[in-house]
file work-v3.cif (mmCIF, N, CA, C and O atoms)
data_upload
#
loop_
_atom_site.label_atom_id
_atom_site.label_comp_id
_atom_site.auth_asym_id
_atom_site.auth_seq_id
_atom_site.Cartn_x
_atom_site.Cartn_y
_atom_site.Cartn_z
N MET A 162 45.52 -33.65 -5.68
CA MET A 162 46.37 -33.61 -4.51
C MET A 162 47.63 -34.42 -4.80
O MET A 162 47.56 -35.52 -5.29
N ALA A 163 48.74 -33.83 -4.50
CA ALA A 163 50.01 -34.50 -4.74
C ALA A 163 50.15 -35.72 -3.83
O ALA A 163 49.51 -35.81 -2.78
N ASP A 164 51.01 -36.64 -4.25
CA ASP A 164 51.28 -37.79 -3.40
C ASP A 164 51.95 -37.32 -2.12
O ASP A 164 52.93 -36.58 -2.16
N ILE A 165 51.41 -37.76 -1.01
CA ILE A 165 51.94 -37.38 0.29
C ILE A 165 52.36 -38.64 1.01
O ILE A 165 51.61 -39.62 1.07
N ASP A 166 53.57 -38.62 1.55
CA ASP A 166 54.07 -39.76 2.33
C ASP A 166 53.45 -39.67 3.72
O ASP A 166 53.81 -38.80 4.51
N ILE A 167 52.52 -40.56 4.01
CA ILE A 167 51.81 -40.55 5.29
C ILE A 167 52.51 -41.52 6.24
O ILE A 167 52.60 -42.70 5.95
N PRO A 168 52.97 -41.01 7.37
CA PRO A 168 53.63 -41.89 8.34
C PRO A 168 52.65 -42.96 8.87
O PRO A 168 51.47 -42.66 9.09
N PRO A 169 53.12 -44.16 9.08
CA PRO A 169 52.24 -45.24 9.56
C PRO A 169 51.52 -44.92 10.86
O PRO A 169 50.37 -45.30 11.05
N HIS A 170 52.17 -44.18 11.77
CA HIS A 170 51.51 -43.88 13.04
C HIS A 170 50.29 -42.98 12.83
O HIS A 170 49.32 -43.08 13.58
N LEU A 171 50.30 -42.13 11.80
CA LEU A 171 49.12 -41.31 11.51
C LEU A 171 47.97 -42.16 10.96
O LEU A 171 46.82 -41.93 11.30
N ILE A 172 48.31 -43.14 10.14
CA ILE A 172 47.28 -44.06 9.62
C ILE A 172 46.65 -44.81 10.79
O ILE A 172 45.42 -44.94 10.87
N GLU A 173 47.48 -45.26 11.72
CA GLU A 173 46.96 -45.99 12.89
C GLU A 173 46.06 -45.11 13.75
O GLU A 173 44.97 -45.53 14.16
N LEU A 174 46.50 -43.89 14.03
CA LEU A 174 45.69 -42.98 14.84
C LEU A 174 44.38 -42.64 14.16
O LEU A 174 43.30 -42.65 14.78
N GLU A 175 44.44 -42.31 12.87
CA GLU A 175 43.23 -41.96 12.13
C GLU A 175 42.30 -43.15 12.01
O GLU A 175 41.07 -43.00 12.10
N SER A 176 42.85 -44.35 11.83
CA SER A 176 42.02 -45.56 11.77
C SER A 176 41.28 -45.79 13.07
O SER A 176 40.09 -46.14 13.07
N ALA A 177 41.96 -45.58 14.19
CA ALA A 177 41.32 -45.74 15.50
C ALA A 177 40.22 -44.70 15.68
O ALA A 177 39.11 -45.03 16.15
N ALA A 178 40.49 -43.47 15.29
CA ALA A 178 39.48 -42.42 15.41
C ALA A 178 38.28 -42.71 14.51
O ALA A 178 37.13 -42.53 14.91
N TRP A 179 38.54 -43.18 13.30
CA TRP A 179 37.46 -43.50 12.36
C TRP A 179 36.61 -44.65 12.89
O TRP A 179 35.38 -44.61 12.82
N ALA A 180 37.23 -45.66 13.47
CA ALA A 180 36.49 -46.79 14.04
C ALA A 180 35.61 -46.31 15.19
O ALA A 180 34.44 -46.71 15.30
N GLU A 181 36.16 -45.46 16.06
CA GLU A 181 35.36 -44.92 17.16
C GLU A 181 34.20 -44.08 16.63
O GLU A 181 33.08 -44.15 17.14
N GLN A 182 34.48 -43.27 15.61
CA GLN A 182 33.43 -42.42 15.03
C GLN A 182 32.32 -43.27 14.43
O GLN A 182 31.14 -42.99 14.62
N GLN A 183 32.68 -44.32 13.72
CA GLN A 183 31.69 -45.21 13.11
C GLN A 183 30.84 -45.90 14.17
O GLN A 183 29.67 -46.19 13.93
N ALA A 184 31.42 -46.15 15.33
CA ALA A 184 30.70 -46.80 16.43
C ALA A 184 29.93 -45.79 17.29
O ALA A 184 29.27 -46.18 18.24
N GLY A 185 30.06 -44.51 16.96
CA GLY A 185 29.41 -43.47 17.75
C GLY A 185 30.06 -43.28 19.10
O GLY A 185 29.40 -42.87 20.06
N ALA A 186 31.35 -43.57 19.17
CA ALA A 186 32.04 -43.53 20.46
C ALA A 186 33.36 -42.75 20.39
O ALA A 186 34.28 -43.02 21.17
N LEU A 187 33.46 -41.79 19.49
CA LEU A 187 34.70 -41.02 19.37
C LEU A 187 34.91 -40.20 20.64
O LEU A 187 34.01 -39.47 21.07
N THR A 188 36.08 -40.34 21.23
CA THR A 188 36.38 -39.60 22.46
C THR A 188 37.20 -38.36 22.14
O THR A 188 37.88 -38.28 21.11
N VAL A 189 37.12 -37.41 23.04
CA VAL A 189 37.92 -36.20 22.89
C VAL A 189 39.40 -36.55 22.92
O VAL A 189 40.19 -35.99 22.16
N ALA A 190 39.77 -37.50 23.75
CA ALA A 190 41.18 -37.89 23.84
C ALA A 190 41.70 -38.44 22.52
O ALA A 190 42.81 -38.11 22.09
N THR A 191 40.90 -39.27 21.86
CA THR A 191 41.32 -39.82 20.57
C THR A 191 41.42 -38.72 19.53
O THR A 191 42.41 -38.63 18.79
N ALA A 192 40.41 -37.87 19.45
CA ALA A 192 40.42 -36.77 18.48
C ALA A 192 41.60 -35.83 18.73
O ALA A 192 42.28 -35.41 17.78
N ASP A 193 41.87 -35.52 19.99
CA ASP A 193 43.00 -34.66 20.33
C ASP A 193 44.33 -35.30 19.94
O ASP A 193 45.24 -34.62 19.45
N ALA A 194 44.46 -36.60 20.15
CA ALA A 194 45.70 -37.30 19.82
C ALA A 194 45.97 -37.25 18.31
O ALA A 194 47.11 -37.02 17.88
N VAL A 195 44.92 -37.43 17.52
CA VAL A 195 45.08 -37.39 16.07
C VAL A 195 45.48 -35.98 15.63
O VAL A 195 46.43 -35.80 14.85
N GLN A 196 44.78 -34.97 16.12
CA GLN A 196 45.08 -33.59 15.72
C GLN A 196 46.48 -33.18 16.18
O GLN A 196 47.19 -32.49 15.44
N ALA A 197 46.89 -33.61 17.35
CA ALA A 197 48.24 -33.29 17.84
C ALA A 197 49.29 -33.92 16.93
O ALA A 197 50.32 -33.30 16.62
N ALA A 198 49.04 -35.15 16.49
CA ALA A 198 49.98 -35.82 15.59
C ALA A 198 50.07 -35.10 14.25
O ALA A 198 51.17 -34.97 13.68
N TYR A 199 48.94 -34.63 13.73
CA TYR A 199 48.96 -33.86 12.48
C TYR A 199 49.78 -32.58 12.66
O TYR A 199 50.61 -32.24 11.82
N ARG A 200 49.52 -31.87 13.74
CA ARG A 200 50.25 -30.61 13.99
C ARG A 200 51.74 -30.85 14.15
O ARG A 200 52.56 -30.12 13.60
N GLU A 201 52.10 -31.89 14.90
CA GLU A 201 53.51 -32.20 15.13
C GLU A 201 54.21 -32.55 13.82
O GLU A 201 55.31 -32.06 13.54
N HIS A 202 53.57 -33.38 13.01
CA HIS A 202 54.18 -33.77 11.74
C HIS A 202 54.33 -32.55 10.82
O HIS A 202 55.38 -32.36 10.19
N ALA A 203 53.31 -31.73 10.75
CA ALA A 203 53.35 -30.54 9.88
C ALA A 203 54.43 -29.56 10.35
O ALA A 203 55.08 -28.92 9.53
N ALA A 204 54.62 -29.46 11.66
CA ALA A 204 55.63 -28.54 12.20
C ALA A 204 57.04 -28.99 11.85
O ALA A 204 57.94 -28.15 11.69
N THR A 205 57.24 -30.28 11.71
CA THR A 205 58.58 -30.80 11.40
C THR A 205 58.78 -31.07 9.92
O THR A 205 59.87 -31.43 9.51
N ASN A 206 57.73 -30.92 9.13
CA ASN A 206 57.81 -31.17 7.69
C ASN A 206 57.13 -30.02 6.95
O ASN A 206 55.96 -30.13 6.58
N PRO A 207 57.83 -28.92 6.73
CA PRO A 207 57.21 -27.73 6.14
C PRO A 207 56.78 -27.89 4.67
O PRO A 207 56.08 -27.03 4.16
N LYS A 208 57.16 -28.98 4.02
CA LYS A 208 56.78 -29.16 2.62
C LYS A 208 55.31 -29.58 2.46
O LYS A 208 54.77 -29.49 1.38
N VAL A 209 54.70 -30.04 3.56
CA VAL A 209 53.31 -30.50 3.51
C VAL A 209 52.52 -29.75 4.56
O VAL A 209 52.92 -29.69 5.72
N SER A 210 51.40 -29.17 4.14
CA SER A 210 50.57 -28.47 5.12
C SER A 210 49.81 -29.47 5.98
O SER A 210 49.56 -30.61 5.58
N ARG A 211 49.45 -29.04 7.16
CA ARG A 211 48.69 -29.89 8.06
C ARG A 211 47.38 -30.30 7.42
O ARG A 211 46.97 -31.46 7.49
N LEU A 212 46.73 -29.39 6.75
CA LEU A 212 45.45 -29.69 6.11
C LEU A 212 45.61 -30.73 5.00
O LEU A 212 44.83 -31.68 4.92
N GLU A 213 46.62 -30.57 4.15
CA GLU A 213 46.85 -31.55 3.09
C GLU A 213 47.14 -32.93 3.66
O GLU A 213 46.64 -33.94 3.15
N LEU A 214 47.94 -32.97 4.72
CA LEU A 214 48.26 -34.23 5.37
C LEU A 214 47.01 -34.87 5.95
O LEU A 214 46.76 -36.06 5.76
N GLU A 215 46.20 -34.08 6.64
CA GLU A 215 44.98 -34.61 7.24
C GLU A 215 44.02 -35.12 6.17
O GLU A 215 43.46 -36.22 6.31
N MET A 216 43.84 -34.37 5.11
CA MET A 216 42.94 -34.80 4.03
C MET A 216 43.42 -36.10 3.38
O MET A 216 42.62 -37.00 3.13
N ALA A 217 44.71 -36.19 3.12
CA ALA A 217 45.26 -37.39 2.49
C ALA A 217 45.13 -38.61 3.41
O ALA A 217 44.81 -39.71 2.95
N THR A 218 45.36 -38.40 4.69
CA THR A 218 45.27 -39.50 5.65
C THR A 218 43.83 -39.98 5.78
O THR A 218 43.57 -41.18 5.75
N LYS A 219 42.89 -39.05 5.89
CA LYS A 219 41.48 -39.44 5.99
C LYS A 219 41.03 -40.18 4.74
O LYS A 219 40.30 -41.16 4.82
N LYS A 220 41.47 -39.72 3.58
CA LYS A 220 41.11 -40.40 2.33
C LYS A 220 41.67 -41.82 2.32
O LYS A 220 40.98 -42.77 1.94
N ALA A 221 42.92 -41.97 2.74
CA ALA A 221 43.55 -43.30 2.75
C ALA A 221 42.83 -44.25 3.71
O ALA A 221 42.68 -45.44 3.42
N VAL A 222 42.38 -43.72 4.85
CA VAL A 222 41.72 -44.55 5.86
C VAL A 222 40.27 -44.84 5.47
O VAL A 222 39.81 -45.98 5.55
N ARG A 223 39.57 -43.82 5.02
CA ARG A 223 38.13 -43.95 4.78
C ARG A 223 37.79 -44.49 3.39
O ARG A 223 36.70 -45.03 3.19
N HIS A 224 38.69 -44.32 2.45
CA HIS A 224 38.44 -44.76 1.08
C HIS A 224 39.67 -45.49 0.53
O HIS A 224 40.27 -45.04 -0.46
N PRO A 225 40.05 -46.60 1.14
CA PRO A 225 41.28 -47.29 0.71
C PRO A 225 41.22 -47.77 -0.74
O PRO A 225 42.25 -47.90 -1.38
N GLU A 226 40.03 -48.01 -1.25
CA GLU A 226 39.91 -48.46 -2.65
C GLU A 226 40.42 -47.40 -3.62
O GLU A 226 40.91 -47.72 -4.70
N ALA A 227 40.36 -46.14 -3.26
CA ALA A 227 40.83 -45.05 -4.12
C ALA A 227 42.36 -45.02 -4.18
O ALA A 227 42.94 -44.45 -5.09
N GLU A 228 43.02 -45.64 -3.23
CA GLU A 228 44.47 -45.65 -3.16
C GLU A 228 45.09 -46.78 -3.99
O GLU A 228 46.28 -46.81 -4.19
N GLN A 229 44.27 -47.73 -4.42
CA GLN A 229 44.79 -48.88 -5.15
C GLN A 229 44.97 -48.52 -6.63
O GLN A 229 44.15 -47.80 -7.20
N PRO A 230 46.02 -49.03 -7.26
CA PRO A 230 46.24 -48.76 -8.69
C PRO A 230 45.06 -49.26 -9.50
O PRO A 230 44.49 -50.31 -9.23
N GLY A 231 44.68 -48.46 -10.47
CA GLY A 231 43.58 -48.84 -11.35
C GLY A 231 42.22 -48.51 -10.80
O GLY A 231 41.20 -48.75 -11.42
N ALA A 232 42.18 -47.91 -9.61
CA ALA A 232 40.88 -47.57 -9.00
C ALA A 232 40.41 -46.22 -9.48
O ALA A 232 41.13 -45.40 -9.88
#

call {"tool": "encode", "arguments": {"input": "work-v3.cif", "output": "structure tokens"}}
result
Amino acid sequence: MADIDIPPHLIELESAAWAEQQAGALTVATADAVQAAYREHAATNPKVSRLELEMATKKAVRHPEAEQPGA
């Protein structure tokens, strides 16, 4: 997967959703907010697909060790 510039607000939204999911408390509102942000960003940035953006963001949030140099 190519390097994708992930906006900080997407990292924040995905982090909140991941924390809720880990606690067994993910709400529809949180999930909808994250998906809306992915769609909005993809609509304004045609060089990156929504799916690629979502996958890269989830990887950055859920597996931060993979993002560090030398990992």

call {"tool": "residues_around", "arguments": {"input": "work-v3.cif", "residues": "Glu175 (chain A)", "least_positions_apart": "6", "cutoff": "7 Å", "atoms": "all atoms listed in the file", "output": "short mmCIF file (atom, residue, chain, number, x, y, z; two decimals) with N, CA, C and O atoms, in the coordinates of the input"}}
result
data_model
loop_
_atom_site.label_atom_id
_atom_site.label_comp_id
_atom_site.auth_asym_id
_atom_site.auth_seq_id
_atom_site.Cartn_x
_atom_site.Cartn_y
_atom_site.Cartn_z
N PRO A 169 53.12 -44.16 9.08
CA PRO A 169 52.24 -45.24 9.56
C PRO A 169 51.52 -44.92 10.86
O PRO A 169 50.37 -45.30 11.05
N GLU A 181 36.16 -45.46 16.06
CA GLU A 181 35.36 -44.92 17.16
C GLU A 181 34.20 -44.08 16.63
O GLU A 181 33.08 -44.15 17.14
N VAL A 195 44.92 -37.43 17.52
CA VAL A 195 45.08 -37.39 16.07
C VAL A 195 45.48 -35.98 15.63
O VAL A 195 46.43 -35.80 14.85
N THR A 218 45.36 -38.40 4.69
CA THR A 218 45.27 -39.50 5.65
C THR A 218 43.83 -39.98 5.78
O THR A 218 43.57 -41.18 5.75
N LYS A 219 42.89 -39.05 5.89
CA LYS A 219 41.48 -39.44 5.99
C LYS A 219 41.03 -40.18 4.74
O LYS A 219 40.30 -41.16 4.82
N VAL A 222 42.38 -43.72 4.85
CA VAL A 222 41.72 -44.55 5.86
C VAL A 222 40.27 -44.84 5.47
O VAL A 222 39.81 -45.98 5.55
#

call {"tool": "atom_distance", "arguments": {"input": "work-v3.cif", "atom1": "atom C of Trp179 (chain A)", "atom2": "atom C of Ala192 (chain A)"}}
result
11.7 Å

call {"tool": "closest_residue", "arguments": {"input": "work-v3.cif", "among": "A:Ile172, A:Ala177, A:Ala190, A:Ala227", "to": "Glu215 (chain A)", "atoms": "only C-alpha atoms"}}
result
A:Ile172

call {"tool": "atom_distance", "arguments": {"input": "work-v3.cif", "atom1": "atom O of Tyr199 (chain A)", "atom2": "CA of Leu214 (chain A)"}}
result
7.1 Å

call {"tool": "atom_distance", "arguments": {"input": "work-v3.cif", "atom1": "atom O of Ala221 (chain A)", "atom2": "atom N of Thr205 (chain A)"}}
result
22.6 Å

call {"tool": "closest_residue", "arguments": {"input": "work-v3.cif", "among": "A:Gln182, A:Arg200, A:Glu226, A:Pro168", "to": "Leu212 (chain A)", "atoms": "only C-alpha atoms"}}
result
A:Arg200

call {"tool": "closest_residue", "arguments": {"input": "work-v3.cif", "among": "A:Arg223, A:Leu174, A:Asn206, A:Ala217", "to": "Thr191 (chain A)", "atoms": "only N, CA, C and O atoms"}}
result
A:Leu174

call {"tool": "select_by_dssp", "arguments": {"input": "work-v3.cif", "residues": "chain A", "states": "helix (DSSP H, G or I)", "output": "CSV table (one decimal) with N, CA, C and O atoms, in the frame of the given file"}}
result
chain,number,residue,atom,x,y,z
A,169,PRO,N,53.1,-44.2,9.1
A,169,PRO,CA,52.2,-45.2,9.6
A,169,PRO,C,51.5,-44.9,10.9
A,169,PRO,O,50.4,-45.3,11.0
A,170,HIS,N,52.2,-44.2,11.8
A,170,HIS,CA,51.5,-43.9,13.0
A,170,HIS,C,50.3,-43.0,12.8
A,170,HIS,O,49.3,-43.1,13.6
A,171,LEU,N,50.3,-42.1,11.8
A,171,LEU,CA,49.1,-41.3,11.5
A,171,LEU,C,48.0,-42.2,11.0
A,171,LEU,O,46.8,-41.9,11.3
A,172,ILE,N,48.3,-43.1,10.1
A,172,ILE,CA,47.3,-44.1,9.6
A,172,ILE,C,46.6,-44.8,10.8
A,172,ILE,O,45.4,-44.9,10.9
A,173,GLU,N,47.5,-45.3,11.7
A,173,GLU,CA,47.0,-46.0,12.9
A,173,GLU,C,46.1,-45.1,13.8
A,173,GLU,O,45.0,-45.5,14.2
A,174,LEU,N,46.5,-43.9,14.0
A,174,LEU,CA,45.7,-43.0,14.8
A,174,LEU,C,44.4,-42.6,14.2
A,174,LEU,O,43.3,-42.6,14.8
A,175,GLU,N,44.4,-42.3,12.9
A,175,GLU,CA,43.2,-42.0,12.1
A,175,GLU,C,42.3,-43.2,12.0
A,175,GLU,O,41.1,-43.0,12.1
A,176,SER,N,42.8,-44.4,11.8
A,176,SER,CA,42.0,-45.6,11.8
A,176,SER,C,41.3,-45.8,13.1
A,176,SER,O,40.1,-46.1,13.1
A,177,ALA,N,42.0,-45.6,14.2
A,177,ALA,CA,41.3,-45.7,15.5
A,177,ALA,C,40.2,-44.7,15.7
A,177,ALA,O,39.1,-45.0,16.2
A,178,ALA,N,40.5,-43.5,15.3
A,178,ALA,CA,39.5,-42.4,15.4
A,178,ALA,C,38.3,-42.7,14.5
A,178,ALA,O,37.1,-42.5,14.9
A,179,TRP,N,38.5,-43.2,13.3
A,179,TRP,CA,37.5,-43.5,12.4
A,179,TRP,C,36.6,-44.6,12.9
A,179,TRP,O,35.4,-44.6,12.8
A,180,ALA,N,37.2,-45.7,13.5
A,180,ALA,CA,36.5,-46.8,14.0
A,180,ALA,C,35.6,-46.3,15.2
A,180,ALA,O,34.4,-46.7,15.3
A,181,GLU,N,36.2,-45.5,16.1
A,181,GLU,CA,35.4,-44.9,17.2
A,181,GLU,C,34.2,-44.1,16.6
A,181,GLU,O,33.1,-44.2,17.1
A,182,GLN,N,34.5,-43.3,15.6
A,182,GLN,CA,33.4,-42.4,15.0
A,182,GLN,C,32.3,-43.3,14.4
A,182,GLN,O,31.1,-43.0,14.6
A,183,GLN,N,32.7,-44.3,13.7
A,183,GLN,CA,31.7,-45.2,13.1
A,183,GLN,C,30.8,-45.9,14.2
A,183,GLN,O,29.7,-46.2,13.9
A,189,VAL,N,37.1,-37.4,23.0
A,189,VAL,CA,37.9,-36.2,22.9
A,189,VAL,C,39.4,-36.6,22.9
A,189,VAL,O,40.2,-36.0,22.2
A,190,ALA,N,39.8,-37.5,23.8
A,190,ALA,CA,41.2,-37.9,23.8
A,190,ALA,C,41.7,-38.4,22.5
A,190,ALA,O,42.8,-38.1,22.1
A,191,THR,N,40.9,-39.3,21.9
A,191,THR,CA,41.3,-39.8,20.6
A,191,THR,C,41.4,-38.7,19.5
A,191,THR,O,42.4,-38.6,18.8
A,192,ALA,N,40.4,-37.9,19.4
A,192,ALA,CA,40.4,-36.8,18.5
A,192,ALA,C,41.6,-35.8,18.7
A,192,ALA,O,42.3,-35.4,17.8
A,193,ASP,N,41.9,-35.5,20.0
A,193,ASP,CA,43.0,-34.7,20.3
A,193,ASP,C,44.3,-35.3,19.9
A,193,ASP,O,45.2,-34.6,19.4
A,194,ALA,N,44.5,-36.6,20.2
A,194,ALA,CA,45.7,-37.3,19.8
A,194,ALA,C,46.0,-37.2,18.3
A,194,ALA,O,47.1,-37.0,17.9
A,195,VAL,N,44.9,-37.4,17.5
A,195,VAL,CA,45.1,-37.4,16.1
A,195,VAL,C,45.5,-36.0,15.6
A,195,VAL,O,46.4,-35.8,14.8
A,196,GLN,N,44.8,-35.0,16.1
A,196,GLN,CA,45.1,-33.6,15.7
A,196,GLN,C,46.5,-33.2,16.2
A,196,GLN,O,47.2,-32.5,15.4
A,197,ALA,N,46.9,-33.6,17.4
A,197,ALA,CA,48.2,-33.3,17.8
A,197,ALA,C,49.3,-33.9,16.9
A,197,ALA,O,50.3,-33.3,16.6
A,198,ALA,N,49.0,-35.2,16.5
A,198,ALA,CA,50.0,-35.8,15.6
A,198,ALA,C,50.1,-35.1,14.2
A,198,ALA,O,51.2,-35.0,13.7
A,199,TYR,N,48.9,-34.6,13.7
A,199,TYR,CA,49.0,-33.9,12.5
A,199,TYR,C,49.8,-32.6,12.7
A,199,TYR,O,50.6,-32.2,11.8
A,200,ARG,N,49.5,-31.9,13.7
A,200,ARG,CA,50.2,-30.6,14.0
A,200,ARG,C,51.7,-30.8,14.2
A,200,ARG,O,52.6,-30.1,13.6
A,201,GLU,N,52.1,-31.9,14.9
A,201,GLU,CA,53.5,-32.2,15.1
A,201,GLU,C,54.2,-32.6,13.8
A,201,GLU,O,55.3,-32.1,13.5
A,202,HIS,N,53.6,-33.4,13.0
A,202,HIS,CA,54.2,-33.8,11.7
A,202,HIS,C,54.3,-32.6,10.8
A,202,HIS,O,55.4,-32.4,10.2
A,203,ALA,N,53.3,-31.7,10.8
A,203,ALA,CA,53.4,-30.5,9.9
A,203,ALA,C,54.4,-29.6,10.4
A,203,ALA,O,55.1,-28.9,9.5
A,204,ALA,N,54.6,-29.5,11.7
A,204,ALA,CA,55.6,-28.5,12.2
A,204,ALA,C,57.0,-29.0,11.8
A,204,ALA,O,57.9,-28.2,11.7
A,205,THR,N,57.2,-30.3,11.7
A,205,THR,CA,58.6,-30.8,11.4
A,205,THR,C,58.8,-31.1,9.9
A,205,THR,O,59.9,-31.4,9.5
A,211,ARG,N,49.4,-29.0,7.2
A,211,ARG,CA,48.7,-29.9,8.1
A,211,ARG,C,47.4,-30.3,7.4
A,211,ARG,O,47.0,-31.5,7.5
A,212,LEU,N,46.7,-29.4,6.8
A,212,LEU,CA,45.4,-29.7,6.1
A,212,LEU,C,45.6,-30.7,5.0
A,212,LEU,O,44.8,-31.7,4.9
A,213,GLU,N,46.6,-30.6,4.2
A,213,GLU,CA,46.8,-31.6,3.1
A,213,GLU,C,47.1,-32.9,3.7
A,213,GLU,O,46.6,-33.9,3.2
A,214,LEU,N,47.9,-33.0,4.7
A,214,LEU,CA,48.3,-34.2,5.4
A,214,LEU,C,47.0,-34.9,6.0
A,214,LEU,O,46.8,-36.1,5.8
A,215,GLU,N,46.2,-34.1,6.6
A,215,GLU,CA,45.0,-34.6,7.2
A,215,GLU,C,44.0,-35.1,6.2
A,215,GLU,O,43.5,-36.2,6.3
A,216,MET,N,43.8,-34.4,5.1
A,216,MET,CA,42.9,-34.8,4.0
A,216,MET,C,43.4,-36.1,3.4
A,216,MET,O,42.6,-37.0,3.1
A,217,ALA,N,44.7,-36.2,3.1
A,217,ALA,CA,45.3,-37.4,2.5
A,217,ALA,C,45.1,-38.6,3.4
A,217,ALA,O,44.8,-39.7,3.0
A,218,THR,N,45.4,-38.4,4.7
A,218,THR,CA,45.3,-39.5,5.6
A,218,THR,C,43.8,-40.0,5.8
A,218,THR,O,43.6,-41.2,5.8
A,219,LYS,N,42.9,-39.0,5.9
A,219,LYS,CA,41.5,-39.4,6.0
A,219,LYS,C,41.0,-40.2,4.7
A,219,LYS,O,40.3,-41.2,4.8
A,220,LYS,N,41.5,-39.7,3.6
A,220,LYS,CA,41.1,-40.4,2.3
A,220,LYS,C,41.7,-41.8,2.3
A,220,LYS,O,41.0,-42.8,1.9
A,221,ALA,N,42.9,-42.0,2.7
A,221,ALA,CA,43.6,-43.3,2.8
A,221,ALA,C,42.8,-44.2,3.7
A,221,ALA,O,42.7,-45.4,3.4
A,222,VAL,N,42.4,-43.7,4.8
A,222,VAL,CA,41.7,-44.6,5.9
A,222,VAL,C,40.3,-44.8,5.5
A,222,VAL,O,39.8,-46.0,5.6
A,223,ARG,N,39.6,-43.8,5.0
A,223,ARG,CA,38.1,-44.0,4.8
A,223,ARG,C,37.8,-44.5,3.4
A,223,ARG,O,36.7,-45.0,3.2
A,225,PRO,N,40.0,-46.6,1.1
A,225,PRO,CA,41.3,-47.3,0.7
A,225,PRO,C,41.2,-47.8,-0.7
A,225,PRO,O,42.2,-47.9,-1.4
A,226,GLU,N,40.0,-48.0,-1.2
A,226,GLU,CA,39.9,-48.5,-2.6
A,226,GLU,C,40.4,-47.4,-3.6
A,226,GLU,O,40.9,-47.7,-4.7
A,227,ALA,N,40.4,-46.1,-3.3
A,227,ALA,CA,40.8,-45.0,-4.1
A,227,ALA,C,42.4,-45.0,-4.2
A,227,ALA,O,42.9,-44.4,-5.1
A,228,GLU,N,43.0,-45.6,-3.2
A,228,GLU,CA,44.5,-45.6,-3.2
A,228,GLU,C,45.1,-46.8,-4.0
A,228,GLU,O,46.3,-46.8,-4.2

call {"tool": "axis_aligned_box", "arguments": {"input": "work-v3.cif", "around": "region 193-204 of chain A", "padding_each_side": "6 Å", "output": "lines of an AutoDock Vina configuration file"}}
result
center_x = 49.9
center_y = -32.8
center_z = 14.9
size_x = 28.1
size_y = 21.3
size_z = 22.8

call {"tool": "closest_residue", "arguments": {"input": "work-v3.cif", "among": "A:Ile165, A:Ala184, A:Ala178, A:Val189", "to": "Ala203 (chain A)", "atoms": "only C-alpha atoms"}}
result
A:Ile165
